[in-house]
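Structure below is work-v9.cif: mmCIF, C-alpha atoms; chains and numbers go by the auth columns.
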data_target
loop_
_atom_site.group_PDB
_atom_site.id
_atom_site.type_symbol
_atom_site.label_atom_id
_atom_site.label_comp_id
_atom_site.label_asym_id
_atom_site.label_seq_id
_atom_site.Cartn_x
_atom_site.Cartn_y
_atom_site.Cartn_z
_atom_site.B_iso_or_equiv
_atom_site.auth_seq_id
_atom_site.auth_asym_id
ATOM 1 C CA LEU A 1 -7.293 17.572 -18.484 0.00 1 A
ATOM 2 C CA MET A 2 -4.219 15.705 -19.691 0.00 2 A
ATOM 3 C CA ARG A 3 -2.010 17.338 -17.082 0.00 3 A
ATOM 4 C CA LYS A 4 -4.538 16.559 -14.392 0.00 4 A
ATOM 5 C CA ALA A 5 -4.652 12.911 -15.471 0.00 5 A
ATOM 6 C CA GLU A 6 -0.855 12.729 -15.600 0.00 6 A
ATOM 7 C CA PHE A 7 -0.585 14.244 -12.127 0.00 7 A
ATOM 8 C CA LYS A 8 -3.125 11.732 -10.798 0.00 8 A
ATOM 9 C CA ASN A 9 -1.224 8.795 -12.316 0.00 9 A
ATOM 10 C CA HIS A 10 2.072 10.158 -10.980 0.00 10 A
ATOM 11 C CA PHE A 11 0.587 10.641 -7.520 0.00 11 A
ATOM 12 C CA ASN A 12 -0.899 7.128 -7.522 0.00 12 A
ATOM 13 C CA ALA A 13 2.366 5.574 -8.677 0.00 13 A
ATOM 14 C CA TRP A 14 4.402 7.198 -5.912 0.00 14 A
ATOM 15 C CA SER A 15 1.716 6.367 -3.362 0.00 15 A
ATOM 16 C CA ILE A 16 2.142 2.729 -4.357 0.00 16 A
ATOM 17 C CA ALA A 17 5.914 3.082 -4.003 0.00 17 A
ATOM 18 C CA LEU A 18 5.492 4.497 -0.491 0.00 18 A
ATOM 19 C CA ALA A 19 3.121 1.658 0.375 0.00 19 A
ATOM 20 C CA ILE A 20 5.728 -0.851 -0.846 0.00 20 A
ATOM 21 C CA LEU A 21 8.289 0.722 1.496 0.00 21 A
ATOM 22 C CA VAL A 22 5.873 0.534 4.427 0.00 22 A
ATOM 23 C CA LEU A 23 5.175 -3.120 3.658 0.00 23 A
ATOM 24 C CA ARG A 24 8.903 -3.866 3.415 0.00 24 A
ATOM 25 C CA TRP A 25 9.472 -2.261 6.809 0.00 25 A
ATOM 26 C CA THR A 26 6.572 -4.072 8.494 0.00 26 A
ATOM 27 C CA CYS A 27 6.381 -7.472 6.791 0.00 27 A
ATOM 28 C CA ARG A 28 8.606 -10.447 7.644 0.00 28 A
ATOM 29 C CA ILE A 29 10.115 -12.341 4.706 0.00 29 A
ATOM 30 C CA ARG A 30 10.771 -16.089 4.965 0.00 30 A
ATOM 31 C CA LEU A 31 12.354 -17.920 2.014 0.00 31 A
ATOM 32 C CA HIS A 32 12.127 -21.668 1.471 0.00 32 A
ATOM 33 C CA ARG A 33 14.532 -23.765 -0.637 0.00 33 A
ATOM 34 C CA ASP A 34 16.252 -20.679 -2.043 0.00 34 A
ATOM 35 C CA PRO A 35 18.622 -21.902 -4.822 0.00 35 A
ATOM 36 C CA ARG A 36 20.321 -18.600 -5.592 0.00 36 A
ATOM 37 C CA ALA A 37 23.491 -19.019 -3.512 0.00 37 A
ATOM 38 C CA LYS A 38 24.299 -22.276 -5.300 0.00 38 A
ATOM 39 C CA LEU A 39 23.648 -20.736 -8.722 0.00 39 A
ATOM 40 C CA ARG A 40 25.900 -17.795 -7.894 0.00 40 A
ATOM 41 C CA ARG A 41 28.717 -20.131 -6.790 0.00 41 A
ATOM 42 C CA GLU A 42 28.386 -21.940 -10.102 0.00 42 A
ATOM 43 C CA GLY A 43 28.400 -18.661 -12.039 0.00 43 A
ATOM 44 C CA LYS A 44 25.002 -19.509 -13.506 0.00 44 A
ATOM 45 C CA PRO A 45 22.742 -16.584 -14.471 0.00 45 A
ATOM 46 C CA TYR A 46 19.113 -16.823 -13.432 0.00 46 A
ATOM 47 C CA ILE A 47 15.745 -15.264 -14.094 0.00 47 A
ATOM 48 C CA TYR A 48 12.704 -15.175 -11.853 0.00 48 A
ATOM 49 C CA ALA A 49 9.360 -16.536 -13.037 0.00 49 A
ATOM 50 C CA VAL A 50 6.481 -15.179 -10.937 0.00 50 A
ATOM 51 C CA MET A 51 2.739 -15.086 -11.507 0.00 51 A
ATOM 52 C CA HIS A 52 1.135 -11.699 -12.134 0.00 52 A
ATOM 53 C CA ALA A 53 -0.989 -12.006 -8.977 0.00 53 A
ATOM 54 C CA HIS A 54 2.129 -12.156 -6.789 0.00 54 A
ATOM 55 C CA GLN A 55 3.963 -9.084 -8.091 0.00 55 A
ATOM 56 C CA VAL A 56 3.611 -6.911 -4.988 0.00 56 A
ATOM 57 C CA SER A 57 5.007 -9.580 -2.665 0.00 57 A
ATOM 58 C CA ALA A 58 7.848 -10.217 -5.108 0.00 58 A
ATOM 59 C CA VAL A 59 8.702 -6.512 -5.396 0.00 59 A
ATOM 60 C CA ILE A 60 8.758 -6.082 -1.612 0.00 60 A
ATOM 61 C CA ASP A 61 11.799 -8.374 -1.442 0.00 61 A
ATOM 62 C CA ALA A 62 13.242 -7.630 -4.891 0.00 62 A
ATOM 63 C CA GLU A 63 16.903 -8.434 -5.434 0.00 63 A
ATOM 64 C CA ARG A 64 18.782 -5.220 -6.208 0.00 64 A
ATOM 65 C CA GLY A 65 19.792 -4.867 -9.845 0.00 65 A
ATOM 66 C CA THR A 66 17.069 -7.176 -11.121 0.00 66 A
ATOM 67 C CA GLY A 67 15.693 -6.184 -14.512 0.00 67 A
ATOM 68 C CA ALA A 68 11.900 -6.323 -14.429 0.00 68 A
ATOM 69 C CA MET A 69 9.751 -6.301 -17.554 0.00 69 A
ATOM 70 C CA VAL A 70 6.630 -4.231 -16.940 0.00 70 A
ATOM 71 C CA SER A 71 3.830 -3.558 -19.377 0.00 71 A
ATOM 72 C CA ARG A 72 3.182 -0.186 -21.021 0.00 72 A
ATOM 73 C CA SER A 73 -0.348 -0.290 -19.645 0.00 73 A
ATOM 74 C CA LEU A 74 -1.499 1.882 -16.740 0.00 74 A
ATOM 75 C CA ASP A 75 -0.835 -1.050 -14.391 0.00 75 A
ATOM 76 C CA GLY A 76 2.761 -1.087 -15.591 0.00 76 A
ATOM 77 C CA GLN A 77 3.173 2.664 -15.136 0.00 77 A
ATOM 78 C CA LEU A 78 1.922 2.434 -11.575 0.00 78 A
ATOM 79 C CA ILE A 79 4.533 -0.146 -10.521 0.00 79 A
ATOM 80 C CA VAL A 80 7.619 1.603 -11.987 0.00 80 A
ATOM 81 C CA PRO A 81 8.437 3.911 -8.998 0.00 81 A
ATOM 82 C CA ALA A 82 8.041 0.982 -6.592 0.00 82 A
ATOM 83 C CA LEU A 83 10.528 -1.076 -8.593 0.00 83 A
ATOM 84 C CA LYS A 84 13.034 1.764 -8.598 0.00 84 A
ATOM 85 C CA ILE A 85 12.707 2.305 -4.850 0.00 85 A
ATOM 86 C CA ARG A 86 13.437 -1.385 -4.260 0.00 86 A
ATOM 87 C CA GLY A 87 16.541 -1.256 -6.459 0.00 87 A
ATOM 88 C CA ALA A 88 15.046 -3.075 -9.454 0.00 88 A
ATOM 89 C CA ILE A 89 15.406 -1.785 -13.009 0.00 89 A
ATOM 90 C CA PRO A 90 12.091 -1.410 -14.896 0.00 90 A
ATOM 91 C CA ILE A 91 12.167 -2.374 -18.560 0.00 91 A
ATOM 92 C CA ARG A 92 9.002 -1.446 -20.424 0.00 92 A
ATOM 93 C CA GLY A 93 7.345 -4.268 -22.300 0.00 93 A
ATOM 94 C CA SER A 94 4.063 -5.090 -23.978 0.00 94 A
ATOM 95 C CA GLY A 95 0.790 -3.218 -23.700 0.00 95 A
ATOM 96 C CA GLY A 96 -2.385 -3.974 -21.799 0.00 96 A
ATOM 97 C CA ARG A 97 -5.735 -4.963 -23.225 0.00 97 A
ATOM 98 C CA GLY A 98 -6.488 -3.259 -26.496 0.00 98 A
ATOM 99 C CA GLN A 99 -2.936 -2.029 -27.017 0.00 99 A
ATOM 100 C CA ARG A 100 -0.378 -3.167 -29.555 0.00 100 A
ATOM 101 C CA SER A 101 2.270 -5.198 -27.793 0.00 101 A
ATOM 102 C CA GLY A 102 4.578 -6.605 -30.472 0.00 102 A
ATOM 103 C CA ARG A 103 7.319 -3.986 -30.903 0.00 103 A
ATOM 104 C CA GLY A 104 7.384 -2.932 -27.249 0.00 104 A
ATOM 105 C CA GLY A 105 7.634 -6.535 -26.118 0.00 105 A
ATOM 106 C CA LEU A 106 10.461 -7.315 -28.557 0.00 106 A
ATOM 107 C CA ASP A 107 12.425 -4.228 -27.525 0.00 107 A
ATOM 108 C CA ALA A 108 12.007 -5.058 -23.848 0.00 108 A
ATOM 109 C CA LEU A 109 13.101 -8.666 -24.458 0.00 109 A
ATOM 110 C CA GLU A 110 16.274 -7.464 -26.198 0.00 110 A
ATOM 111 C CA ALA A 111 16.990 -5.158 -23.257 0.00 111 A
ATOM 112 C CA LEU A 112 16.439 -7.993 -20.782 0.00 112 A
ATOM 113 C CA VAL A 113 18.741 -10.308 -22.761 0.00 113 A
ATOM 114 C CA GLU A 114 21.538 -7.733 -22.546 0.00 114 A
ATOM 115 C CA HIS A 115 20.770 -7.186 -18.853 0.00 115 A
ATOM 116 C CA VAL A 116 21.130 -10.887 -18.006 0.00 116 A
ATOM 117 C CA ARG A 117 24.195 -11.317 -20.199 0.00 117 A
ATOM 118 C CA GLY A 118 25.697 -8.474 -18.174 0.00 118 A
ATOM 119 C CA GLY A 119 25.564 -10.654 -15.069 0.00 119 A
ATOM 120 C CA ARG A 120 22.359 -9.472 -13.399 0.00 120 A
ATOM 121 C CA PRO A 121 19.077 -11.339 -12.845 0.00 121 A
ATOM 122 C CA ALA A 122 15.763 -10.594 -14.510 0.00 122 A
ATOM 123 C CA TYR A 123 12.143 -10.924 -13.436 0.00 123 A
ATOM 124 C CA LEU A 124 9.040 -11.718 -15.469 0.00 124 A
ATOM 125 C CA ALA A 125 5.380 -11.924 -14.471 0.00 125 A
ATOM 126 C CA VAL A 126 5.012 -14.883 -16.783 0.00 126 A
ATOM 127 C CA ASP A 127 1.209 -14.953 -17.206 0.00 127 A
ATOM 128 C CA GLY A 128 0.878 -11.204 -17.824 0.00 128 A
ATOM 129 C CA PRO A 129 -0.157 -8.748 -18.941 0.00 129 A
ATOM 130 C CA ARG A 130 -3.467 -10.279 -20.100 0.00 130 A
ATOM 131 C CA GLY A 131 -3.640 -13.793 -18.662 0.00 131 A
ATOM 132 C CA PRO A 132 -5.316 -16.167 -18.346 0.00 132 A
ATOM 133 C CA ARG A 133 -4.237 -16.711 -14.778 0.00 133 A
ATOM 134 C CA GLY A 134 -1.343 -19.148 -14.575 0.00 134 A
ATOM 135 C CA ARG A 135 -0.765 -19.595 -18.326 0.00 135 A
ATOM 136 C CA VAL A 136 2.906 -18.959 -19.053 0.00 136 A
ATOM 137 C CA GLN A 137 3.528 -16.698 -22.036 0.00 137 A
ATOM 138 C CA ARG A 138 6.398 -16.850 -24.528 0.00 138 A
ATOM 139 C CA GLY A 139 8.874 -14.360 -23.067 0.00 139 A
ATOM 140 C CA ILE A 140 10.389 -16.534 -20.338 0.00 140 A
ATOM 141 C CA ALA A 141 11.402 -19.311 -22.736 0.00 141 A
ATOM 142 C CA ALA A 142 12.995 -16.933 -25.226 0.00 142 A
ATOM 143 C CA LEU A 143 14.905 -15.107 -22.480 0.00 143 A
ATOM 144 C CA ALA A 144 16.204 -18.296 -20.841 0.00 144 A
ATOM 145 C CA ARG A 145 17.286 -19.836 -24.142 0.00 145 A
ATOM 146 C CA ARG A 146 19.135 -16.744 -25.355 0.00 146 A
ATOM 147 C CA THR A 147 20.975 -16.164 -22.065 0.00 147 A
ATOM 148 C CA ASP A 148 21.495 -19.782 -20.929 0.00 148 A
ATOM 149 C CA ALA A 149 19.961 -18.713 -17.623 0.00 149 A
ATOM 150 C CA ALA A 150 18.294 -20.947 -15.075 0.00 150 A
ATOM 151 C CA ILE A 151 14.619 -20.215 -14.447 0.00 151 A
ATOM 152 C CA ILE A 152 13.714 -19.788 -10.786 0.00 152 A
ATOM 153 C CA CYS A 153 9.994 -20.250 -10.190 0.00 153 A
ATOM 154 C CA LEU A 154 8.917 -18.301 -7.114 0.00 154 A
ATOM 155 C CA THR A 155 5.535 -18.118 -5.399 0.00 155 A
ATOM 156 C CA PRO A 156 5.372 -15.600 -2.520 0.00 156 A
ATOM 157 C CA ILE A 157 2.344 -16.024 -0.246 0.00 157 A
ATOM 158 C CA PRO A 158 1.369 -13.448 2.409 0.00 158 A
ATOM 159 C CA SER A 159 -0.155 -14.702 5.659 0.00 159 A
ATOM 160 C CA ARG A 160 -2.573 -11.743 5.552 0.00 160 A
ATOM 161 C CA ARG A 161 -3.615 -10.048 2.322 0.00 161 A
ATOM 162 C CA TRP A 162 -6.186 -8.308 0.227 0.00 162 A
ATOM 163 C CA VAL A 163 -7.255 -10.166 -2.927 0.00 163 A
ATOM 164 C CA LEU A 164 -8.784 -8.259 -5.844 0.00 164 A
ATOM 165 C CA HIS A 165 -11.477 -10.793 -6.658 0.00 165 A
ATOM 166 C CA ARG A 166 -12.636 -9.097 -9.856 0.00 166 A
ATOM 167 C CA ALA A 167 -9.166 -8.845 -11.389 0.00 167 A
ATOM 168 C CA TRP A 168 -8.326 -11.491 -14.001 0.00 168 A
ATOM 169 C CA ASP A 169 -5.334 -12.626 -11.918 0.00 169 A
ATOM 170 C CA ARG A 170 -6.890 -12.164 -8.442 0.00 170 A
ATOM 171 C CA PHE A 171 -4.128 -9.658 -7.670 0.00 171 A
ATOM 172 C CA GLN A 172 -2.810 -9.913 -4.102 0.00 172 A
ATOM 173 C CA ILE A 173 -1.629 -7.146 -1.777 0.00 173 A
ATOM 174 C CA PRO A 174 -0.008 -8.112 1.538 0.00 174 A
ATOM 175 C CA LYS A 175 -1.322 -6.443 4.654 0.00 175 A
ATOM 176 C CA PRO A 176 1.086 -4.662 7.020 0.00 176 A
ATOM 177 C CA LEU A 177 2.744 -6.925 9.604 0.00 177 A
ATOM 178 C CA ALA A 178 2.121 -10.025 7.465 0.00 178 A
ATOM 179 C CA TYR A 179 4.598 -12.839 7.005 0.00 179 A
ATOM 180 C CA ILE A 180 5.474 -13.381 3.358 0.00 180 A
ATOM 181 C CA ASP A 181 6.657 -16.915 2.633 0.00 181 A
ATOM 182 C CA GLY A 182 8.567 -17.208 -0.636 0.00 182 A
ATOM 183 C CA TYR A 183 8.522 -20.754 -2.009 0.00 183 A
ATOM 184 C CA PHE A 184 11.042 -21.736 -4.684 0.00 184 A
ATOM 185 C CA ALA A 185 10.923 -24.674 -7.060 0.00 185 A
ATOM 186 C CA GLU A 186 14.038 -26.446 -8.272 0.00 186 A
ATOM 187 C CA PRO A 187 15.799 -24.323 -10.927 0.00 187 A
ATOM 188 C CA ILE A 188 14.741 -25.157 -14.470 0.00 188 A
ATOM 189 C CA HIS A 189 17.550 -25.423 -17.028 0.00 189 A
ATOM 190 C CA VAL A 190 16.931 -25.279 -20.756 0.00 190 A
ATOM 191 C CA ALA A 191 17.342 -28.702 -22.348 0.00 191 A
ATOM 192 C CA PRO A 192 19.019 -28.608 -25.768 0.00 192 A
ATOM 193 C CA ASP A 193 16.355 -30.748 -27.436 0.00 193 A
ATOM 194 C CA GLU A 194 13.191 -29.185 -26.013 0.00 194 A
ATOM 195 C CA THR A 195 10.927 -26.684 -27.715 0.00 195 A
ATOM 196 C CA ASP A 196 9.934 -23.335 -26.235 0.00 196 A
ATOM 197 C CA GLN A 197 6.449 -24.735 -25.704 0.00 197 A
ATOM 198 C CA GLN A 198 7.832 -27.645 -23.692 0.00 198 A
ATOM 199 C CA LEU A 199 9.970 -25.289 -21.620 0.00 199 A
ATOM 200 C CA ARG A 200 6.987 -23.042 -20.916 0.00 200 A
ATOM 201 C CA ALA A 201 5.006 -26.122 -19.884 0.00 201 A
ATOM 202 C CA ARG A 202 7.683 -27.022 -17.328 0.00 202 A
ATOM 203 C CA VAL A 203 7.659 -23.500 -15.883 0.00 203 A
ATOM 204 C CA GLU A 204 3.876 -23.535 -15.754 0.00 204 A
ATOM 205 C CA ALA A 205 3.806 -26.921 -14.026 0.00 205 A
ATOM 206 C CA ALA A 206 6.310 -25.754 -11.404 0.00 206 A
ATOM 207 C CA LEU A 207 4.374 -22.570 -10.600 0.00 207 A
ATOM 208 C CA HIS A 208 1.063 -24.420 -10.468 0.00 208 A
ATOM 209 C CA GLN A 209 2.554 -27.034 -8.154 0.00 209 A
ATOM 210 C CA LEU A 210 3.891 -24.351 -5.794 0.00 210 A
ATOM 211 C CA GLU A 211 0.518 -22.628 -5.559 0.00 211 A
ATOM 212 C CA ARG A 212 -1.440 -25.871 -5.231 0.00 212 A
ATOM 213 C CA GLN A 213 0.856 -27.040 -2.455 0.00 213 A
ATOM 214 C CA HIS A 214 1.141 -23.793 -0.478 0.00 214 A
ATOM 215 C CA ASP A 215 -1.986 -21.805 -1.411 0.00 215 A
ATOM 216 C CA PRO A 216 -4.658 -24.289 -2.539 0.00 216 A
ATOM 217 C CA GLN A 217 -7.527 -21.826 -2.114 0.00 217 A
ATOM 218 C CA GLU A 218 -6.088 -19.455 -4.736 0.00 218 A
ATOM 219 C CA ALA A 219 -4.898 -22.340 -6.916 0.00 219 A
ATOM 220 C CA GLU A 220 -8.544 -23.098 -7.626 0.00 220 A
ATOM 221 C CA TYR A 221 -8.491 -20.064 -9.930 0.00 221 A
ATOM 222 C CA LEU A 222 -5.641 -21.263 -12.147 0.00 222 A
ATOM 223 C CA TYR A 223 -6.852 -21.355 -15.752 0.00 223 A
ATOM 224 C CA ASP A 224 -6.629 -25.155 -16.079 0.00 224 A
ATOM 225 C CA ASN A 225 -8.698 -25.694 -12.915 0.00 225 A
ATOM 226 C CA ARG A 226 -11.350 -23.299 -14.209 0.00 226 A
ATOM 227 C CA ALA A 227 -11.426 -25.176 -17.515 0.00 227 A
ATOM 228 C CA LYS A 228 -11.924 -28.482 -15.693 0.00 228 A
ATOM 229 C CA ARG A 229 -14.798 -27.042 -13.668 0.00 229 A
ATOM 230 C CA ALA A 230 -16.412 -25.641 -16.812 0.00 230 A
ATOM 231 C CA ARG A 231 -16.199 -29.058 -18.511 0.00 231 A
ATOM 232 C CA SER A 232 -17.649 -30.781 -15.439 0.00 232 A
ATOM 233 C CA THR A 233 -20.540 -28.313 -15.332 0.00 233 A
ATOM 234 C CA SER A 234 -21.192 -28.788 -19.022 0.00 234 A
ATOM 235 C CA GLN A 235 -21.197 -32.575 -18.723 0.00 235 A
ATOM 236 C CA ALA A 236 -23.508 -32.442 -15.690 0.00 236 A
ATOM 237 C CA ALA A 237 -25.953 -30.269 -17.610 0.00 237 A
#
Could I get this file's structure written as structure tokens?
Amino acid sequence: LMRKAEFKNHFNAWSIALAILVLRWTCRIRLHRDPRAKLRREGKPYIYAVMHAHQVSAVIDAERGTGAMVSRSLDGQLIVPALKIRGAIPIRGSGGRGQRSGRGGLDALEALVEHVRGGRPAYLAVDGPRGPRGRVQRGIAALARRTDAAIICLTPIPSRRWVLHRAWDRFQIPKPLAYIDGYFAEPIHVAPDETDQQLRARVEAALHQLERQHDPQEAEYLYDNRAKRARSTSQAA
């Protein structure tokens, strides 16, 4: 039974990788306000901050050599071959729901720190692996502070897509022949006097602003919007 399950997971993972290749061949990528050339000229390292829902679109146009933290959950296992095919370097991180995440997350963070210090970018799905949708977790602040890297907030939006409505993040999968517009915010640099919580708040605000501006329908499901609606419903009752 174990071998059968392992074979199924392996088959699914490589099917996803093949699908990523097909999407890369058929989708058109358009980038807006891309700051990377300027950062490279300045010799400034950078790390990508992307929401969990947008991982497939981000992987389709992954920068080669990017270190990507992926969870040890089944979701994480399924994305590893796709990352490798696109030239990214998977670094295993924390677990999914019901799994211990502390040691794995710390080990992956150390590996990402060394990766960025070695001159290559890194990528984090900043509200994963558990959510809530749009709430930035601790890893991005620790990584940026320890590497003196700029944080590049990126929101890729397909013109045609499937949305997994029951998933906590409303996971998105571009459809073949879609345009994928990648919207960048201004790079975020760590201020010497700010706390990690303040830095995370700036990253969160930038990602929320990108989605609200360019994908307002999905932005309605950001955790702070849901909280506002819940309060309004409660007050009306």
I'd like the neighbourhood of range 150-155 of chain A as a PyMOL selection string, where a residue qualifies if any of its atoms comes within 10 Å (using all atoms listed in the file), though same-chain residues fewer than 6 positions away should be ignored.
chain A and resi 31-32+34-36+39+44-51+53-55+57-58+121-123+126+140-141+143-144+180-190+199+203-211+214-215
Which is closer to Ala178 in chain A than all the others in A:Pro192, A:Gly105, A:Pro156, A:Pro90, using all atoms listed in the file?
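Among the listed residues, the smallest separation from Ala178 in chain A belongs to A:Pro156.
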What does the distance from CA of Met69 in chain A to CA of Ala167 in chain A come to in Å, to one decimal?
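If I compute the distance from CA of Met69 in chain A to CA of Ala167 in chain A, I get 20.1 Å.
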Using CA of Ile29 in chain A and CA of Thr66 in chain A as the two end points, give the distance in Å to one decimal.
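We find that CA of Ile29 in chain A and CA of Thr66 in chain A lie 18.0 Å from each other.
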Proximity to Thr195 in chain A - best of A:Cys27, A:Ala5, A:Ala142, A:Val56, only C-alpha atoms:
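With only C-alpha atoms as the atom set, the closest residue is A:Ala142.
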Choose the residue, out of A:Arg133, A:Pro176, A:Leu222, A:Gly87, that has the smallest atom-to-atom separation from Arg24 in chain A; count only C-alpha atoms.
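Of the candidates, the smallest distance to Arg24 in chain A is held by A:Pro176.
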All residues 12 Å or closer to Ile20 in chain A, only C-alpha atoms, same chain fewer than 5 positions away omitted, as a PyMOL selection string
chain A and resi 13-15+25-27+55-62+78-86+173-176
Could you check the closest approach to Arg120 in chain A for each of A:Ile91, A:Val70, A:Ser159, A:Gly65 and tell me which residue wins, using all atoms listed in the file?
A:Gly65
Pick from A:Val136, A:Ala149, A:Leu177, A:Ala88 nearest to Arg200 in chain A, counting all atoms listed in the file
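Ranking A:Val136, A:Ala149, A:Leu177, A:Ala88 by distance to Arg200 in chain A, first place goes to A:Val136.
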Could you check the closest approach to Gln172 in chain A for each of A:Lys38, A:Arg3, A:Arg146, A:His52 and tell me which residue wins, using all atoms listed in the file?
A:His52
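The gap separating CA of Arg92 in chain A from CA of Gln198 in chain A is 26.4 Å, in Å to one decimal.
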